[in-house]
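**Student:** Once you've had a glance at the structure underneath, I'll fire off some questions.
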Amino acid sequence: MMRGLPFAFLALSACIEQPTPTMTRPQAEAYCAPRAQEYARQPVPVMADGALQVGLQAETPDDFMVQDYYRHCVFSKSGQRPSARLEWRL
């Protein structure tokens with residue numbers, strides 16, 4: 001019964017529609033870089049001790065979250081993966 005599972009997963013993943021590119025990869029990278037840097041500066045609400053920590057007690061996104069946001073943005077705009085990691089600083 002479990003032998004058909006990988007094939008079924010591959011068949012379903014082939015049916016997922018790819019995003020329609022609206023710009024080239026360099027254009028998408030230039031478009032998404034400032035947005036990812038802005039995302040890096042926004043506080044992320046955190047649940048601590050049963051209370052939602054916001055404002056100065058909230059945390060900012062870590063590097064993985066910012067890179068993931070950047071990769072997702074570039075892929076959704078161009079249909080291609082970014083050529084390099086985003087270099088950013090807080």
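Quick note on naming: the chains in the structure tokens go A, B, ... in the order shown, residues restart at 1 in each chain, and ligands are numbered from 1 in order of appearance.
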For Ala28 of chain A, find every residue with an atom within 6 Å (counting only C-alpha atoms), except residues of its own chain fewer than 4 positions away, and show them as a PyMOL selection string.
**Tutor:** chain A and resi 32+74+77
**Student:** Restrict the selected residues to N, CA, C and O atoms and save them as a compact mmCIF listing (two decimals), in the first residue's frame.
**Tutor:**
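After the write, part-v6.txt holds the following:
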# COMPACT_ATOMS: atom_id res chain seq x y z
N CYS A 32 12.37 42.95 -4.94
CA CYS A 32 12.14 42.25 -3.67
C CYS A 32 13.15 42.58 -2.58
O CYS A 32 12.84 42.44 -1.39
N VAL A 74 10.96 36.65 -4.97
CA VAL A 74 11.61 36.56 -6.28
C VAL A 74 10.97 35.46 -7.12
O VAL A 74 10.67 35.65 -8.30
N LYS A 77 7.51 36.49 -8.44
CA LYS A 77 7.53 37.53 -9.47
C LYS A 77 8.15 37.06 -10.78
O LYS A 77 7.72 37.46 -11.85
**Student:** Which of segment 14-80 of chain A counts as alpha helix (DSSP H) under DSSP, as a PyMOL selection string please?
**Tutor:** chain A and resi 14+25-41+63-78
**Student:** Taking only C-alpha atoms into account, which of A:Ala48, A:Met65, A:Cys73, A:Ala36 comes nearest Trp88 of chain A?
**Tutor:** A:Ala36
**Student:** Skip segment 79-81 of chain A itself and residues of its chain fewer than 2 positions away, then list as a PyMOL selection string all residues within 9 Å of it, counting only C-alpha atoms.
**Tutor:** chain A and resi 18-25+71-72+74-77+83-84
**Student:** Tell me which protein, DNA and RNA residues are within 10 Å of segment 67-69 of chain A, counting only C-alpha atoms, leaving out same-chain ones fewer than 5 positions away, and put them as a list in words.
**Tutor:** Cys32, Ala33, Arg35, Ala36, Gln37, Tyr39, Ala40, Pro61, Asp62, Val74, Arg85, Leu86, Glu87 and Trp88 of chain A
**Student:** Which residue out of A:Tyr70, A:Gln27, A:Gln42, A:Arg89 has the minimum interatomic distance to Gly55 of chain A when only C-alpha atoms are used?
**Tutor:** A:Gln42
**Student:** Atom CA of Pro43 of chain A to atom CA of Glu29 of chain A: how many Å, to one decimal?
**Tutor:**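 Separation between atom CA of Pro43 of chain A and atom CA of Glu29 of chain A: 23.2 Å.
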**Student:** For Val46 of chain A, list every protein, DNA or RNA residue within 9 Å, evaluated using only C-alpha atoms, and leave out those in the same chain fewer than 2 positions away; present the list as a ChimeraX atom specification.
**Tutor:** /A:44,48,51-54,57-59
**Student:** Residues as selected, C-alpha atoms, written as a PDB file, in the first residue's frame, can you do that?
**Tutor:**
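So the final result, stored in part-v7.pdb, reads:
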ATOM      1  CA  VAL A  44       7.059  39.754  14.841  1.00  0.00           C
ATOM      2  CA  ALA A  48       5.338  34.228  25.831  1.00  0.00           C
ATOM      3  CA  ALA A  51       0.600  36.760  26.550  1.00  0.00           C
ATOM      4  CA  LEU A  52       1.271  38.160  23.120  1.00  0.00           C
ATOM      5  CA  GLN A  53       4.488  40.196  23.165  1.00  0.00           C
ATOM      6  CA  VAL A  54       4.253  43.171  20.780  1.00  0.00           C
ATOM      7  CA  GLN A  57       9.053  43.225  23.528  1.00  0.00           C
ATOM      8  CA  ALA A  58       8.444  41.578  20.152  1.00  0.00           C
ATOM      9  CA  GLU A  59      11.257  39.970  18.194  1.00  0.00           C
TER      10      GLU A  59
END
